[in-house]
Amino acid sequence: MIRPLKIAKKTIHHAILIILAALWLIPVYTMLIDGMKSAGGVLTTPILQPTGLSFTPLITVSSALELPIVNSLILAIATATISTFIGALAAFYFYKGRSWTNNTVFVIIAIATFIPYQITLVPITEILSTLGLFNTYPGLIFTFVIFHLPGGALLMTIFMSNLPKSIVESARADGASDWIVFSKVAFPLTLAGAVSTFILTFVEVWNNFFIPLVLTSTPNMYTASISLLSYTGGYGTLYNDSFAAALVASLIPLLVFVLLGRYFMRGFLALGSGSKG
Amino acid sequence: MVKIGLENVTKIFTKKKLENKVLDDISFEVADGNFFGIIGQSGAGKTTLLRIIAGLEGPTHGKVKFDNTVVAEEGKIKVPIEERNIGMVFQTWALYPHLTSYDNIAFPLRAKKMDENDIESTVLHLAKMLGITEILVRKPGRISGGQQQRVAVARALSKSPSLLLLDEPFSNLDATIKDNARSLIRTVQKELSITAIIVSHDPADIFSLASDTLAITDGRNAQMGRTSDLYHKPSNLTVARSIGEMSVIQGLMTQGSGKDVEVKLGDRCKLGFRRDELIAIVPENNTEVRVGFRPESLEVLEENNTALKGSDYWVLIGNGFVKICSYSAGIFRVLIRLDGLDDDIAVSSDVSIDTDSRISLYAKRDDLKLFDSNGNSMLNYSMSLGKQGSSNDERRRIYAST
Ligand SMILES: Nc1ncnc2c1ncn2[C@@H]1O[C@H](COP(=O)(O)OP(=O)(O)OP(=O)(O)O)[C@@H](O)[C@H]1O
Ligand SMILES: [Mg+2]
């Protein structure tokens with residue numbers, strides 16, 4: 001009696017999962033297929049039908065996207081590293097003691113996370129121009145960090161709140177300074193959370209379009225997201241190149257997920273299990 | 001290696017403007033090299049007291065002194081925990097899960113920037129002493145509870161602390177290895193002659209380790225003294241019960257003939273007390289009192305056995321039946337229900353007694369405890385305790401005659 005019911009339930013579960021996966025895979029599939037068609041083929045063959053595939057468009061865009069991808073990598077890695085690390089430091093500061101000032105700072109950070117960055121981008125552009133940092137890596141990284149640090153601190157605070165208090169207290173009893181408690185105990189124990197924060201920030205910076213659009217002025221500073229735009233240029237769009245470029249640009253975040261994904265899962269799983277003692 | 005002094009320590013936790021006084025005016029001193037116990041029921045404030053001594057909390061009022069240095073005063077921590085040179089064993093052990101046992105034990109030494117060679121010899125020495133050499137390369141998640149506890153002890157000792165603080169260090173251990181763990185701590189503490197403070201709700205921990213003990217109830221100093229005095233001369237019922245088992249029977253105190261005072265238990269038993277055996281209060285007639293019995297000061301005989309009749313040392317408390325007889329470590333624990341009473345009375349017995357058998361319950365007269373209706377002791381222990389030795393002799397005589 002129970003078995004058929006169970007099987008039916010399982011089937012429904014799987015069906016739902018398959019539908020969801022298909023919904024997500026269709027655009028990816030389209031991107032893959034149509035990025036390998038010729039400029040004519042992409043217009044004349046049905047969009048979901050794989051005919052006349054070749055690597056030519058991929059190779060063309062890859063070499064064109066080389067510099068923008070390097071730029072994006074530099075910006076995303078630098079921003080994610082800085083935001084995660086400083087975010088972890090801030091989280092540790094909150095963890096150490098809840099006081100009136102701590103709470104206030106925390107609320108400000110939480111609010112800052114939700115402010116649309118478009119609002120503050122104009123004054124920042126002016127500041128960067130004055131400092132001579134407009135259209136430079138430091139200027140871009142500085143701006144990205146401003147917008148991603150609150151999120152990093154917020155996430156790390158959530159991850160760190162899972163750290164048992166007695167472990168940190170016992171480190172203090174063992175004579176460890178704040179820095180040693182942080183670097184040898186608190187940070188290693190929230191590493192999975194830090195990796196998750198890194199990945200999230202990395203992907204956000206990678207995909208961000210608006211900030212580099214406003215803060216760069218020469219093609220040698222363009223990021224991958226900006227360069228994608230050039231494929232929908234004024235004289236008509238090369239759809240196959242456009243698809244191929246999108247494919248190439250999304251490979252890097254995908255790679256990051258594949259390499260660090262298990263930490264990502266572990267970080268979020270830890271939130272559900274552990275508790276602050 | 002350090003003398004600890006607490007002066008009028010009060011701790012108030014304030015949450016949403018609600019004040020919770022967890023410790024109230026606690027004062028005591030722990031002599032250099034002494035092993036001091038703090039006992040009390042759950043929520044009494046033991047952990048809070050230990051955390052104040054450690055420096056994890058500051059006292060709201062009062063002072064904490066290490067030797068002659070004031071380390072905390074009036075809400076301010078003057079010497080932070082990392083500078084107090086203490087070794088701490090937490091109830092949960094709080095080992096660093098990402099480090100091997102070796103690195104756990106070495107952690108305090110690395111924080112001191114000790115030379116790696118010296119670290120190695122210290123860690124290996126401690127590991128040998130505590131019998132954990134084999135598991136040094138393993139992480140805490142891959143060793144047994146007993147081993148984890150020893151790693152925690154080794155970590156607390158590795159930096160040669162001047163003060164060792166233990167918060168219920170055995171409560172997560174199997175009963176079978178508790179005594180081993182206790183003896184290990186006792187040996188290490190003696191060998192290194194460090195001052196130690198243990199917090200526990202388990203009398204076994206306190207008896208096995210602490211020479212002097214503070215009993216706290218609801219954050220107040222209920223009694224302090226030699227550990228055995230807390231057991232034999234408890235100042236109130238809560239102390240008596242926190243440091244050992246005690247059964248209680250309600251009684252009525254009346255003026256007896258002459259200068260004496262009589263306590264009536266049920267309808268069979270009248271206990272006489274001389275006035276000088278009581279502390280100086282004159283109870284009114286028919287005052288409710290409570291008489292307390294330790295399990296070992298009671299004797300169970302089959303009903304109407306007269307072996308103890310007429311003894312100066314044994315008094316008949318009443319007749320009743322055996323509710324249950326259980327066993328623990330060479331002693332039978334018998335629960336007695338006396339006729340006409342509602343409370344069970346625990347007795348330790350050398351022999352097993354059948355459930356439901358009819359019995360007579362006798363108590364050692366001089367081991368009785370007497371409490372008023374608030375639970376405060378009414379006995380003047382300096383008068384009534386002197387005779388304890390002789391009642392043991394008497395007990396032997398009784399056995400000989402039966
Ligand atoms: N940080 C805190 N904030 C507010 N109240 C607290 C805090 N720590 C402890 N308390 C309260 O203080 C009281 C005493 O707690 P404490 O942990 O010292 O008791 P304990 O004697 O160690 O009990 P147990 O035997 O259960 O460990 C409890 O009522 C507890 O709720
Ligand atoms: Mg406690």
# chains A, B, ... in the order shown; residues from 1 in each chain; ligands from 1

call {"tool": "residues_near_ligand", "arguments": {"ligand": "ligand 1", "cutoff": "6 Å", "atoms": "only C-alpha atoms and all ligand atoms", "output": "list in words"}}
result
Phe13, Val22, Gln41, Ser42, Gly43, Ala44, Gly45, Lys46, Thr47 and Thr48 of chain B

call {"tool": "closest_atom_pairs", "arguments": {"of": "chain A", "to": "chain B", "cutoff": "7 Å", "atoms": "only C-alpha atoms", "output": "CSV"}}
result
residue,atom,partner,partner_atom,distance
A:Ser166,CA,B:Ala94,CA,5.7
A:Ile167,CA,B:Ala94,CA,4.9
A:Ser170,CA,B:Ala94,CA,6.7
A:Arg172,CA,B:Glu82,CA,5.4
A:Ala173,CA,B:Glu82,CA,5.3
A:Asp174,CA,B:Pro108,CA,4.7
A:Gly175,CA,B:Glu82,CA,4.0
A:Ala176,CA,B:Ala111,CA,5.2
A:Leu189,CA,B:His98,CA,6.9
